[in-house]
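For reference, model14.cif (mmCIF, C-alpha atoms):
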data_structure
loop_
_atom_site.label_atom_id
_atom_site.label_comp_id
_atom_site.auth_asym_id
_atom_site.auth_seq_id
_atom_site.Cartn_x
_atom_site.Cartn_y
_atom_site.Cartn_z
CA MET A 150 110.63 153.44 124.98
CA ALA A 151 114.02 151.97 125.85
CA ILE A 152 116.92 152.40 123.51
CA TYR A 153 119.25 149.43 123.33
CA MET A 154 122.79 149.82 122.13
CA ASN A 155 124.76 147.13 120.43
CA ALA A 156 127.30 145.64 122.88
CA LYS A 157 130.08 146.44 120.41
CA THR A 158 129.94 150.01 119.19
CA LYS A 159 132.56 152.03 117.36
CA ARG A 160 133.67 153.51 120.68
CA ASP A 161 134.34 150.17 122.36
CA PHE A 162 138.02 149.62 122.99
CA ASP A 163 139.59 146.33 124.03
CA ALA A 164 143.11 146.79 125.40
CA LYS A 165 143.98 143.12 124.91
CA ILE A 166 143.00 143.27 121.24
CA PHE A 167 144.95 146.51 120.80
CA LEU A 168 148.04 144.84 122.29
CA SER A 169 147.83 141.79 120.05
CA THR A 170 146.82 143.08 116.62
CA ILE A 171 148.30 145.24 113.89
CA GLY A 172 146.86 148.66 113.10
CA ASP A 173 147.81 152.32 112.96
CA GLY A 174 151.33 152.56 114.37
CA ARG A 175 151.38 148.83 115.22
CA GLN A 176 153.06 145.98 113.38
CA ILE A 177 154.21 142.45 114.12
CA VAL A 178 157.98 142.00 113.90
CA SER A 179 159.85 138.71 114.15
CA PHE A 180 163.27 138.06 115.63
CA ARG A 181 165.42 134.95 115.53
CA GLU A 182 167.03 133.45 118.61
CA LYS A 183 169.94 135.65 119.82
CA GLN A 184 168.94 138.53 117.53
CA ILE A 185 169.10 142.06 118.96
CA ILE A 186 165.70 143.72 119.31
CA PHE A 187 167.25 146.99 120.43
CA ALA A 188 170.56 147.96 122.02
CA GLN A 189 171.39 150.18 124.95
CA GLY A 190 171.93 153.66 123.52
CA ASP A 191 169.54 153.25 120.57
CA ALA A 192 166.85 155.89 120.05
CA THR A 193 163.60 155.21 121.93
CA ASP A 194 160.97 155.12 119.22
CA ALA A 195 158.66 152.24 120.12
CA VAL A 196 157.27 149.92 122.78
CA PHE A 197 157.07 146.18 122.12
CA VAL A 198 154.62 143.57 123.40
CA ILE A 199 155.88 140.00 123.28
CA GLN A 200 153.37 137.85 121.41
CA LYS A 201 155.49 134.70 121.42
CA GLY A 202 158.95 133.88 122.75
CA ARG A 203 161.36 134.96 125.47
CA VAL A 204 163.40 138.17 125.64
CA LYS A 205 166.39 139.00 127.83
CA LEU A 206 166.59 142.57 129.08
CA SER A 207 170.10 143.60 130.10
CA ALA A 208 172.28 146.65 130.71
CA LYS A 209 176.01 147.30 130.70
CA SER A 210 177.74 149.48 133.22
CA ARG A 211 180.41 152.00 132.30
CA ALA A 212 182.93 149.31 133.28
CA SER A 213 181.31 147.05 130.63
CA LYS A 214 179.84 144.64 133.20
CA GLU A 215 176.54 143.26 131.99
CA ALA A 216 173.58 142.75 134.32
CA THR A 217 170.44 140.84 133.40
CA LEU A 218 167.46 142.98 134.33
CA GLY A 219 164.80 140.47 133.43
CA ILE A 220 163.66 137.55 131.35
CA LEU A 221 160.37 138.45 129.69
CA SER A 222 157.82 136.33 127.86
CA ASP A 223 154.35 136.35 126.30
CA LYS A 224 152.28 139.51 126.92
CA ASP A 225 155.17 141.37 128.60
CA PHE A 226 156.12 144.88 127.51
CA VAL A 227 159.66 145.71 126.38
CA GLY A 228 161.07 149.16 125.73
CA GLU A 229 158.54 151.13 127.73
CA ASP A 230 161.38 153.50 128.74
CA CYS A 231 160.52 155.52 125.62
CA LEU A 232 157.28 156.62 127.28
CA GLY A 233 159.11 158.20 130.22
CA GLY A 234 160.97 160.77 128.17
CA GLN A 235 164.18 158.78 127.76
CA PRO A 236 165.69 159.75 124.37
CA LEU A 237 167.98 156.68 124.34
CA ARG A 238 167.45 153.08 125.41
CA ILE A 239 168.73 152.43 128.93
CA ALA A 240 168.94 148.68 128.35
CA SER A 241 169.29 146.12 125.57
CA ALA A 242 166.71 143.53 124.56
CA ASN A 243 167.76 140.27 122.89
CA ALA A 244 165.64 137.37 121.67
CA MET A 245 166.36 134.25 123.72
CA THR A 246 164.13 132.21 121.42
CA ASP A 247 162.49 132.91 118.08
CA CYS A 248 160.07 135.74 118.91
CA ASP A 249 157.10 137.59 117.50
CA LEU A 250 156.60 141.05 118.97
CA LEU A 251 154.02 143.73 118.39
CA ARG A 252 155.92 146.98 117.76
CA ILE A 253 153.90 150.02 118.80
CA GLU A 254 155.27 153.38 117.72
CA LYS A 255 155.82 155.75 120.63
CA LYS A 256 153.28 158.29 119.31
CA ALA A 257 150.58 155.62 118.84
CA MET A 258 151.14 154.23 122.35
CA MET A 259 151.11 157.67 123.98
CA LEU A 260 147.93 158.64 122.15
CA SER A 261 146.20 155.38 123.09
CA LEU A 262 147.26 155.64 126.74
CA HIS A 263 145.78 159.13 126.91
CA ARG A 264 142.54 158.21 125.13
CA GLU A 265 141.82 154.75 126.48
CA GLN A 266 141.41 154.30 130.23
CA SER A 267 141.37 150.49 130.02
CA LEU A 268 144.76 150.45 128.26
CA SER A 269 146.18 152.95 130.71
CA ASP A 270 144.95 150.87 133.66
CA LEU A 271 146.35 147.63 132.21
CA PHE A 272 149.71 149.24 131.41
CA THR A 273 150.03 150.89 134.83
CA ALA A 274 149.18 147.63 136.61
CA TYR A 275 151.78 145.80 134.50
CA LEU A 276 154.48 148.37 135.35
CA LEU A 277 153.68 148.21 139.06
CA VAL A 278 153.83 144.41 139.17
CA ARG A 279 157.10 144.34 137.24
CA ASN A 280 158.58 147.04 139.47
CA ILE A 281 157.61 145.07 142.59
CA ARG A 282 159.18 141.92 141.09
CA TYR A 283 162.48 143.75 140.58
#
Encoded form (structure tokens):
Amino acid sequence: MAIYMNAKTKRDFDAKIFLSTIGDGRQIVSFREKQIIFAQGDATDAVFVIQKGRVKLSAKSRASKEATLGILSDKDFVGEDCLGGQPLRIASANAMTDCDLLRIEKKAMMLSLHREQSLSDLFTAYLLVRNIRY
């Protein structure tokens, strides 16, 4: 006798759904055009996933010269430096347009990356592609 399992069980995990919905340690936050999402030197407490809009990632040197590190848009991650042990933000993120972002608390993201291989694979691939672009 064959045992058939429902295609969607409690254990099923969809990384794309996780990165686009609210839940434990995850909430949607909105920012107006030109509003600061986080500033260089702020505590690293969360990762963001852009749901809608464009975000400018920039950093200032000690001589106060600003460099644009990237222009990010839908489905891009922002603030992932918190996952690498950085206690403070190494860059600033500003909304270029009105934006909706999914804010994922550092602890929730770390736990999910450790538990869920599909999320870990997606996140690693994203980081590699972005690193190559830079």
Problem set entry | Distance of atom CA of A:Gln184 from atom CA of A:Cys248, expressed in Å to one decimal place |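 Separation between atom CA of A:Cys248 and atom CA of A:Gln184: 9.4 Å.
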Exercise. Out of A:Ala240, A:Ile199, A:Leu232, A:Ala216, which residue has the shortest atom-to-atom distance to A:Met258 when counting only C-alpha atoms?
Worked result: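 Once distances to A:Met258 are computed over only C-alpha atoms, the minimum belongs to A:Leu232.
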Problem set entry | Nearest to A:Ser169 by atom-to-atom distance, counting only C-alpha atoms, from A:Lys201, A:His263, A:Arg279, A:Arg211 |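 Closest to A:Ser169 of all the choices is A:Lys201.
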Exercise. Got a sec: who's within 6 Å of A:Asp249, counting all atoms listed in the file, leaving out chain neighbours fewer than 3 positions off, as a PyMOL selection string?
Worked result: chain A and resi 178-179+200-201
Residue selection dump (C-alpha atoms) as a CSV table (one decimal), in the frame of the given file:
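Result written to out-v5.csv:
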chain,number,residue,atom,x,y,z
A,178,VAL,CA,158.0,142.0,113.9
A,179,SER,CA,159.8,138.7,114.2
A,200,GLN,CA,153.4,137.8,121.4
A,201,LYS,CA,155.5,134.7,121.4
For this session: Enumerate, as a PyMOL selection string, the residues matched when the PyMOL selection byres ((chain A and resi 208) around 9) is run on the file above.
Result: chain A and resi 188-189+206-207+209-210+214-218+239-242
For this session: Point out the residue among A:Ser213, A:Val198, A:Gly174, A:Asp225 with the least atom-to-atom distance to A:Val278, counting only C-alpha atoms.
Result: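 That would be A:Asp225, the residue with the smallest distance to A:Val278.
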Mind listing as a PDB file with C-alpha atoms, keeping the file's coordinate frame all residues within 10 Å of (163.7, 160.2, 124.5), counting all atoms listed in the file?
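Printed below is part.pdb as written:
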ATOM      1  CA  ASP A 191     169.540 153.250 120.570  1.00  0.00           C
ATOM      2  CA  ALA A 192     166.850 155.890 120.050  1.00  0.00           C
ATOM      3  CA  THR A 193     163.600 155.210 121.930  1.00  0.00           C
ATOM      4  CA  ASP A 194     160.970 155.120 119.220  1.00  0.00           C
ATOM      5  CA  ASP A 230     161.380 153.500 128.740  1.00  0.00           C
ATOM      6  CA  CYS A 231     160.520 155.520 125.620  1.00  0.00           C
ATOM      7  CA  LEU A 232     157.280 156.620 127.280  1.00  0.00           C
ATOM      8  CA  GLY A 233     159.110 158.200 130.220  1.00  0.00           C
ATOM      9  CA  GLY A 234     160.970 160.770 128.170  1.00  0.00           C
ATOM     10  CA  GLN A 235     164.180 158.780 127.760  1.00  0.00           C
ATOM     11  CA  PRO A 236     165.690 159.750 124.370  1.00  0.00           C
ATOM     12  CA  LEU A 237     167.980 156.680 124.340  1.00  0.00           C
ATOM     13  CA  ARG A 238     167.450 153.080 125.410  1.00  0.00           C
ATOM     14  CA  LYS A 255     155.820 155.750 120.630  1.00  0.00           C
TER      15      LYS A 255
END
For this session: Could you check which of A:Phe167, A:Phe272, A:Phe226, A:Phe197 is closest to A:Ile253, using all atoms listed in the file?
Result: A:Phe197
For this session: Select, from A:Ile185, A:Leu168, A:Asp161, A:Lys256, the residue with the minimum atom-to-atom distance to A:Leu268, counting all atoms listed in the file.
Result: A:Leu168
Seminar exercise, completed: Min atom-atom distance to A:Thr246 from the set A:Ala212, A:Ile281, A:Leu260, A:Ile186, counting all atoms listed in the file, belongs to A:Ile186
For this session: Between atom CA of A:Arg203 and atom CA of A:Gly172, measure the distance and give it in Å to one decimal.
Result: 23.5 Å
Seminar exercise, completed: As a check of understanding: the span from atom CA of A:Asp173 to atom CA of A:Glu254 is 8.9 Å
Problem set entry | Hits of the PyMOL selection byres ((chain A and resi 183) around 6) in this structure, as a list in words |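 After applying the PyMOL selection byres ((chain A and resi 183) around 6), what remains is Glu182, Gln184, Asn243, Ala244 and Met245 of chain A.
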